[in-house]
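> I am attaching a structure below and will ask some questions about it afterwards.
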Amino acid sequence: MTTGMMVCNSEKKTNVMPSSKRRKAGVPGCRASVAEDIVTDVLLRLPIKSVVRFRAVCRSWAKLLSSEEFCRLHCAITKAAGVPFKLMYFSPTLKFDATAAYSCSLSPGPRDNQLLFTLDYAHGSWVEVLTPAPCHGLNLLCDARAKAYYICNAATRAVARLPPSRDTAAAHMISTGLGFDAHTREYKVVRLIDGNCLSHEQDTIRCEVYTPGGKHGDCWRPAARGLPFGLRRYAASAVYNAKEKRLPPVFANGFLHWLIQPYHVFERTRGAILYFSVTEEIFRCVRKLPTRASDFGQKPFHLPFAPQAPAGHLVEMDNQLCLVRDLRNDPYRSTLEIWRLLDYSSGDWSLDHQIDLSGHIMKRELREPQSVRIIGSVDNGRSGKKIIITTCKHKVHEKFEKKVHTYDLSTEALYTILSVTETSNLTYGSFPYTPPASGFSLFEDCLAPLHKTDEELDLLSTPVKVVKEILFRLPAKSVIQSKLICNQWLRLIKSESFTQSYFEHKNIGRRPKLMLVGKGTRRSAFCFAPLDTWLSEAPAHCALLDTKVVCSKPCHGMNLVSTATNDYLYNPGTGFHRVYGNPGPQMHLQLGSQRVYEAEQHAFAVGSKNIGLTFDPLSSEHVTVEIVYRQKNFDSRQYTSVCVLRWCNSEEFCRQYSVPLPPLPVNDMPPANVGGVLYWMSDPRLGQSRERAIVSFDIAPKLFDTIPCPSCIAVWSSTSPCRAFVVELQGALCAVLSDPVANSLDVWRLEAGGGWDRACLICLEASPDCSLGRNVVVPLAVDPEDGRILLNTGRKVGLYDPVEQTIQNLYSFDQVPLAASQGSHCTSLSDNSTTFSQGQLMGELNRMDGEILPLVPMLYDESLACYPHERERGARRLLLC
């Protein structure tokens, strides 16, 4: 009853259109009916969640509840009712390429965090909030890794990804903001671009505008009035400051504002703030900024901007532009000053608020962090006005502690609303001391609509949905060939949303898929065929391998196939491949070490190198990390090695360079790739340490590190026959201890908290074909349906049942059908009646008794991943098409 009275009273304070005027104005869905007018008035007072649900009642309700007039009236009633703002923040999910947005209340006390939406294919460490305060109900987000922009309405959980720009890859620095054109009632995304480092043109500063659902179409366009020549140096300084300090432009009074730091480009300037009219699409400049309140009091004044003035940032408060001065290091007065711009022409400012940091709590919470930002204010009328403050404090390595506080202006009380610890890449954007991007934003209950892009509209049409369902059921090579059918199919298959959906449809939650790798033809060094296909009939264009081959597990749709002299990046489903020459230095061994080295050559070691495949999220490229040994001496425990990184989308020697060596030598087993980090097991026979440990390499900071092993694996003895290595199982890092005496594999899993827990014990006593005394047995994958473990010895694969402790469906690659070298006739090497002569057959068998395997099994993901050709290589990123 009380709530109803509050709603009725709030109606008197709003400019809600009466029913008679709504009928005259022709509001969609409103007819000259008293009953329908009452229904409309009721719907206007429903919460956002209910309005969104009621759009599915019928077409007339969907048209009414989605109309611009209804959304505007609902927003006015919501504001008059004093619905408080909420906080939105982002957190990485369990998947590497996904980020979740959550909401929480700004009131002190217990809070119930709610999931708003999920951004697929965007990692949490790279998601930036470009609108700390909502712009007429919408927020602008950026995925700095993929250089992708999103507009979202956190209240309705709607998200729209903006189309990419062709010139983004050539840009040195970009600063982007969201504005609202009150004249046309359109949203505009504005980008200020500086391409001076990658262009020989004299005029490199430019401005681009994107209008969702606008008359200019679904594309970025130059600003209507452009950037005046006299403001280009200001624009360069503004972009540099925005990039260095992670300060996005602020929208207020119909303008987007950039703060200028003139000492970045020149010493003297008559400009302080660069602002862009969203309606007129023209740039202007505020000439002056305030200096010190202690010298001039709280009266409005204007003085020339001084380069030595304390640092600050812009913020929108009460629909006005404000400047926050950070005076925490001032020896006379430690405060945060909030100045309000009174006049754009004269540059008059007024000191509205001062936050004294001399208190004990204030000193600890606001003086210690490296950065303090005010992102806005809230005022619900009863509890007074509160300022929202975010802080960031460096903890250790790349870890940062971020907090959100509310500061009550009347009581001067500071409350901590949220505290999170995040990982940030400090080297992003070529600024080694750049603070991490803000992941916090305010949002309000608003029904502001989001316009879908042309690509989204095409994908929602019924014919396209039918085509997608057909293509999802085709193999990857057939999908690639379907590009030639028509231009519509070509656009569909090349779209990122389709390729990601195709990958998920084929791989997520499915059983592991195996391919057999054989010798290929002139066009490709290797041929690939699924195991079940090869068991029935071998491909005619494939032959036995004539060199030793080691295959990696799939990484972002690609596999690495390595020999002693070359490395090959393959998408086995489509046939895409790249070749990288890698002769490598010859390793020198003493006589005793030579015998040890030759005795341990197994199916998973190739040459004197240990190479892993990972994915660089910053450049969207696959990267190989190769550790090459030049010398090993197991008697003196001395070794010599080099470590080289190669970006797989680059030319042969353009983007490969050496990095500091790992802290410990690694053994000859291949690494495991988990979440973009490569892991090796150390070799306790070399170096100073006589215990095992795991060596890790993170591609983002390009740094090696070590993590401890389970205690039972860390212990090593030179007389023990046990072997240890690492694998990836079900997305987690696992350490394996292979005991040939007990004929068992002890598998330990690294938990999220950093501790180790035993995953399983694989007993092979009942499986003499997979004896650990004669083979190196590696767990490849776990079947998600029944929990069976896929084991690989190099020559055989089988599914291990942990309940019955037996191996089922054991396949030997020495006995699979093989195509004759000179014809297409298939035969089995175990069959005496073959097209081979007896001598040829014995020769093949003798050759395969050595270290060279006839065929090599490889796990793969069915995907459309590829890299562009040389003439198309502009952005150096992976194209999933």
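Each chain in the structure tokens gets a letter, A, B, ..., in the order shown, and its residues are numbered from 1; ligands are numbered from 1 in order too.
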A:Gly384: which residues within 12 Å, counting only C-alpha atoms, same-chain residues fewer than 3 positions away excluded, as a ChimeraX atom specification?

/A:84,107,377-381,387,406-413

> Nearest to A:Leu569: which of A:Lys796, A:Arg367, A:His622, A:His505 is it, counting only C-alpha atoms?

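The shortest atom-to-atom distance to A:Leu569 comes from A:His622.
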
> Let me make sure I understand: among A:Arg55, A:Met362, A:Ile374, A:Arg145, which one has the smallest atom-to-atom distance to A:Arg325 if we use only C-alpha atoms?

A:Ile374

> Using only C-alpha atoms for the distances, tell me which of A:Thr204, A:Thr521, A:Ser738, A:Asn319 is nearest to A:Ala543.

A:Thr521

> Hey, what does DSSP flag as alpha helix (DSSP H) within stretch 678-757 of chain A? Can you give it to me as a VMD selection string?

chain A and resid 711 to 714

> Write out, as a short mmCIF file (atom, residue, chain, number, x, y, z; two decimals), in the first residue's frame, the residues just selected, with N, CA and C atoms.


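Generated file (out.cif):
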data_model
loop_
_atom_site.label_atom_id
_atom_site.label_comp_id
_atom_site.auth_asym_id
_atom_site.auth_seq_id
_atom_site.Cartn_x
_atom_site.Cartn_y
_atom_site.Cartn_z
N SER A 711 54.34 -33.50 -3.81
CA SER A 711 55.51 -33.98 -3.06
C SER A 711 56.00 -35.34 -3.55
N CYS A 712 55.07 -36.21 -3.96
CA CYS A 712 55.48 -37.54 -4.42
C CYS A 712 56.18 -37.48 -5.78
N ILE A 713 55.94 -36.41 -6.54
CA ILE A 713 56.59 -36.27 -7.84
C ILE A 713 57.88 -35.46 -7.73
N ALA A 714 57.90 -34.51 -6.79
CA ALA A 714 59.07 -33.65 -6.65
C ALA A 714 60.31 -34.44 -6.27
#

> Considering only C-alpha atoms, return as a ChimeraX atom specification whatever protein or nucleic-acid residues lie within 8 Å of A:Cys722, sequence-local ones (same chain, fewer than 5 positions apart) excluded.

/A:737-740

> What's the 10 Å shell around A:Glu186, counting only C-alpha atoms, without same-chain residues fewer than 4 positions away, as a list in words?

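Near neighbours after the sequence-gap exclusion: Gly179, Phe180, Asp181, Ala182, Thr211, Pro212, Gly213, Gly214, Val278 and Thr279 of chain A.
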
> Those selected residues, please, written with all heavy atoms and delivered as an mmCIF file, in the first residue's frame.


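Result went into part15.cif, see below:
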data_model
loop_
_atom_site.group_PDB
_atom_site.id
_atom_site.type_symbol
_atom_site.label_atom_id
_atom_site.label_comp_id
_atom_site.auth_asym_id
_atom_site.auth_seq_id
_atom_site.Cartn_x
_atom_site.Cartn_y
_atom_site.Cartn_z
ATOM 1 N N GLY A 179 28.372 9.279 -26.880
ATOM 2 C CA GLY A 179 27.591 10.487 -26.664
ATOM 3 C C GLY A 179 26.170 10.325 -27.163
ATOM 4 O O GLY A 179 25.829 9.343 -27.839
ATOM 5 N N PHE A 180 25.321 11.312 -26.832
ATOM 6 C CA PHE A 180 23.909 11.271 -27.206
ATOM 7 C C PHE A 180 23.547 12.584 -27.876
ATOM 8 O O PHE A 180 23.796 13.663 -27.324
ATOM 9 C CB PHE A 180 23.019 11.033 -25.980
ATOM 10 C CG PHE A 180 21.557 10.940 -26.290
ATOM 11 C CD1 PHE A 180 21.025 9.793 -26.860
ATOM 12 C CD2 PHE A 180 20.697 11.993 -26.018
ATOM 13 C CE1 PHE A 180 19.674 9.698 -27.134
ATOM 14 C CE2 PHE A 180 19.348 11.913 -26.291
ATOM 15 C CZ PHE A 180 18.829 10.758 -26.856
ATOM 16 N N ASP A 181 22.977 12.475 -29.078
ATOM 17 C CA ASP A 181 22.527 13.644 -29.832
ATOM 18 C C ASP A 181 21.084 13.938 -29.437
ATOM 19 O O ASP A 181 20.165 13.206 -29.822
ATOM 20 C CB ASP A 181 22.636 13.375 -31.331
ATOM 21 C CG ASP A 181 22.353 14.615 -32.165
ATOM 22 O OD1 ASP A 181 21.845 15.611 -31.614
ATOM 23 O OD2 ASP A 181 22.638 14.592 -33.378
ATOM 24 N N ALA A 182 20.871 15.005 -28.651
ATOM 25 C CA ALA A 182 19.519 15.329 -28.186
ATOM 26 C C ALA A 182 18.628 15.809 -29.314
ATOM 27 O O ALA A 182 17.396 15.732 -29.201
ATOM 28 C CB ALA A 182 19.601 16.393 -27.090
ATOM 29 N N THR A 211 27.076 5.688 -35.778
ATOM 30 C CA THR A 211 25.726 5.939 -35.283
ATOM 31 C C THR A 211 24.908 4.659 -35.392
ATOM 32 O O THR A 211 24.543 4.256 -36.504
ATOM 33 C CB THR A 211 25.038 7.065 -36.065
ATOM 34 O OG1 THR A 211 25.876 8.221 -36.055
ATOM 35 C CG2 THR A 211 23.691 7.399 -35.464
ATOM 36 N N PRO A 212 24.642 3.968 -34.291
ATOM 37 C CA PRO A 212 23.839 2.735 -34.374
ATOM 38 C C PRO A 212 22.446 3.022 -34.914
ATOM 39 O O PRO A 212 21.720 3.863 -34.390
ATOM 40 C CB PRO A 212 23.783 2.246 -32.921
ATOM 41 C CG PRO A 212 24.923 2.932 -32.234
ATOM 42 C CD PRO A 212 25.076 4.250 -32.916
ATOM 43 N N GLY A 213 22.094 2.327 -35.977
ATOM 44 C CA GLY A 213 20.780 2.507 -36.581
ATOM 45 C C GLY A 213 20.584 3.832 -37.263
ATOM 46 O O GLY A 213 19.448 4.224 -37.541
ATOM 47 N N GLY A 214 21.661 4.564 -37.565
ATOM 48 C CA GLY A 214 21.558 5.882 -38.176
ATOM 49 C C GLY A 214 21.416 5.826 -39.683
ATOM 50 O O GLY A 214 21.495 4.766 -40.316
ATOM 51 N N VAL A 278 28.457 16.559 -30.024
ATOM 52 C CA VAL A 278 27.876 15.356 -30.616
ATOM 53 C C VAL A 278 26.835 15.714 -31.670
ATOM 54 O O VAL A 278 26.651 14.995 -32.654
ATOM 55 C CB VAL A 278 27.271 14.468 -29.513
ATOM 56 C CG1 VAL A 278 26.614 13.227 -30.093
ATOM 57 C CG2 VAL A 278 28.333 14.063 -28.509
ATOM 58 N N THR A 279 26.155 16.842 -31.510
ATOM 59 C CA THR A 279 25.128 17.258 -32.483
ATOM 60 C C THR A 279 25.760 17.870 -33.724
ATOM 61 O O THR A 279 25.459 17.481 -34.853
ATOM 62 C CB THR A 279 24.171 18.260 -31.828
ATOM 63 O OG1 THR A 279 23.536 17.642 -30.707
ATOM 64 C CG2 THR A 279 23.097 18.703 -32.819
#

> Report the distance between atom CA of A:Phe498 and atom CA of A:Lys468 in Å, rounded to one decimal place.

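It comes out at 7.8 Å.
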
> What does the structure give for the distance between atom CA of A:Trp339 and atom CA of A:Ser103, in Å to one decimal?

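Atom CA of A:Trp339 sits 29.3 Å away from atom CA of A:Ser103.
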
> Taking only C-alpha atoms into account, name the residue in A:Leu645, A:Leu414, A:Leu471, A:Val159 that is nearest to A:Pro449.

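Smallest separation from A:Pro449 among the options: A:Val159.
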
> Applying 6 Å and only C-alpha atoms, which residues near stretch 104-106 of chain A remain after dropping the ones on its own chain fewer than 5 positions away? List them as a PyMOL selection string.

chain A and resi 86-87+113

> Excluding stretch 598-613 of chain A and its own-chain neighbours fewer than 2 positions away, which residues fall within 6 Å of it when counting only C-alpha atoms? Please give them as a list in words.

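Counting only C-alpha atoms, the residues come to Val550, Ala564, Arg595, Val596, Val623, Thr624, Val625, Glu626, Ile627, Val628, Tyr629, Asp668, Pro671 and Gly794 of chain A.
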
> Go ahead and compute the interatomic distance for atom CA of A:Val209 and atom CA of A:Lys288, in Å to one decimal.

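Separation between atom CA of A:Val209 and atom CA of A:Lys288: 27.3 Å.
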
> Would you return as a PyMOL selection string the members of stretch 129-280 of chain A that DSSP assigns to strand (DSSP E or B) on this structure's backbone?

chain A and resi 129+135+138-143+148-153+158-161+173-181+186-194+205-210+221-222+250-252+255-259+273-277

> Between A:Gly347, A:Pro710, A:Pro436, A:Gly137, which one has atoms that come closest to A:Val286, using only C-alpha atoms?

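Closest to A:Val286 of all the choices is A:Gly347.
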
> Between stretch 666-777 of chain A and stretch 631-642 of chain A, at 9 Å or less, what are the per-residue closest atom pairs and their distances in Å? Count only C-alpha atoms, order by chain and rising residue number, and return it as a Markdown table.


| residue | atom | partner | partner_atom | distance |
| --- | --- | --- | --- | --- |
| A:Pro684 | CA | A:Arg637 | CA | 9.0 |
| A:Arg685 | CA | A:Phe634 | CA | 6.2 |
| A:Leu686 | CA | A:Arg637 | CA | 4.3 |
| A:Gly687 | CA | A:Arg637 | CA | 5.4 |
| A:Gln688 | CA | A:Arg637 | CA | 7.5 |

> Would you kindly return, as a PDB file with C-alpha atoms, in the first residue's frame, each protein, DNA or RNA residue with an atom no farther than 10 Å from any atom of A:Tyr502, considering only C-alpha atoms and excluding same-chain residues fewer than 3 positions away?


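Writing done, so here's out_27.pdb:
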ATOM      1  CA  LYS A 468      23.469 -22.038 -40.475  1.00  0.00           C
ATOM      2  CA  GLU A 469      21.857 -25.262 -39.307  1.00  0.00           C
ATOM      3  CA  LEU A 471      26.515 -25.638 -42.320  1.00  0.00           C
ATOM      4  CA  PHE A 472      26.824 -26.670 -38.681  1.00  0.00           C
ATOM      5  CA  ARG A 473      26.393 -30.273 -39.776  1.00  0.00           C
ATOM      6  CA  LEU A 474      29.085 -30.138 -42.464  1.00  0.00           C
ATOM      7  CA  ALA A 476      35.092 -27.780 -41.910  1.00  0.00           C
ATOM      8  CA  VAL A 479      32.071 -25.266 -45.102  1.00  0.00           C
ATOM      9  CA  ILE A 493      30.830 -18.014 -43.202  1.00  0.00           C
ATOM     10  CA  GLU A 496      32.989 -13.994 -36.501  1.00  0.00           C
ATOM     11  CA  SER A 497      29.727 -14.958 -34.840  1.00  0.00           C
ATOM     12  CA  PHE A 498      29.240 -17.869 -37.242  1.00  0.00           C
ATOM     13  CA  THR A 499      32.781 -19.183 -36.910  1.00  0.00           C
ATOM     14  CA  HIS A 505      28.718 -26.633 -32.042  1.00  0.00           C
ATOM     15  CA  LYS A 506      31.448 -29.024 -33.151  1.00  0.00           C
ATOM     16  CA  ASN A 507      33.660 -29.183 -30.065  1.00  0.00           C
ATOM     17  CA  ILE A 508      32.223 -27.893 -26.804  1.00  0.00           C
ATOM     18  CA  GLU A 862      36.988 -28.959 -35.916  1.00  0.00           C
ATOM     19  CA  SER A 863      37.249 -25.237 -36.652  1.00  0.00           C
ATOM     20  CA  LEU A 864      37.536 -22.717 -39.477  1.00  0.00           C
ATOM     21  CA  LEU A 880      38.302 -17.767 -37.820  1.00  0.00           C
TER      22      LEU A 880
END

> For a quick check of understanding, using only C-alpha atoms, which of A:Ala160, A:Leu780, A:Ile77, A:Leu327 has the smallest distance to A:Leu357?

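For A:Leu357, the nearest of the given residues is A:Leu327.
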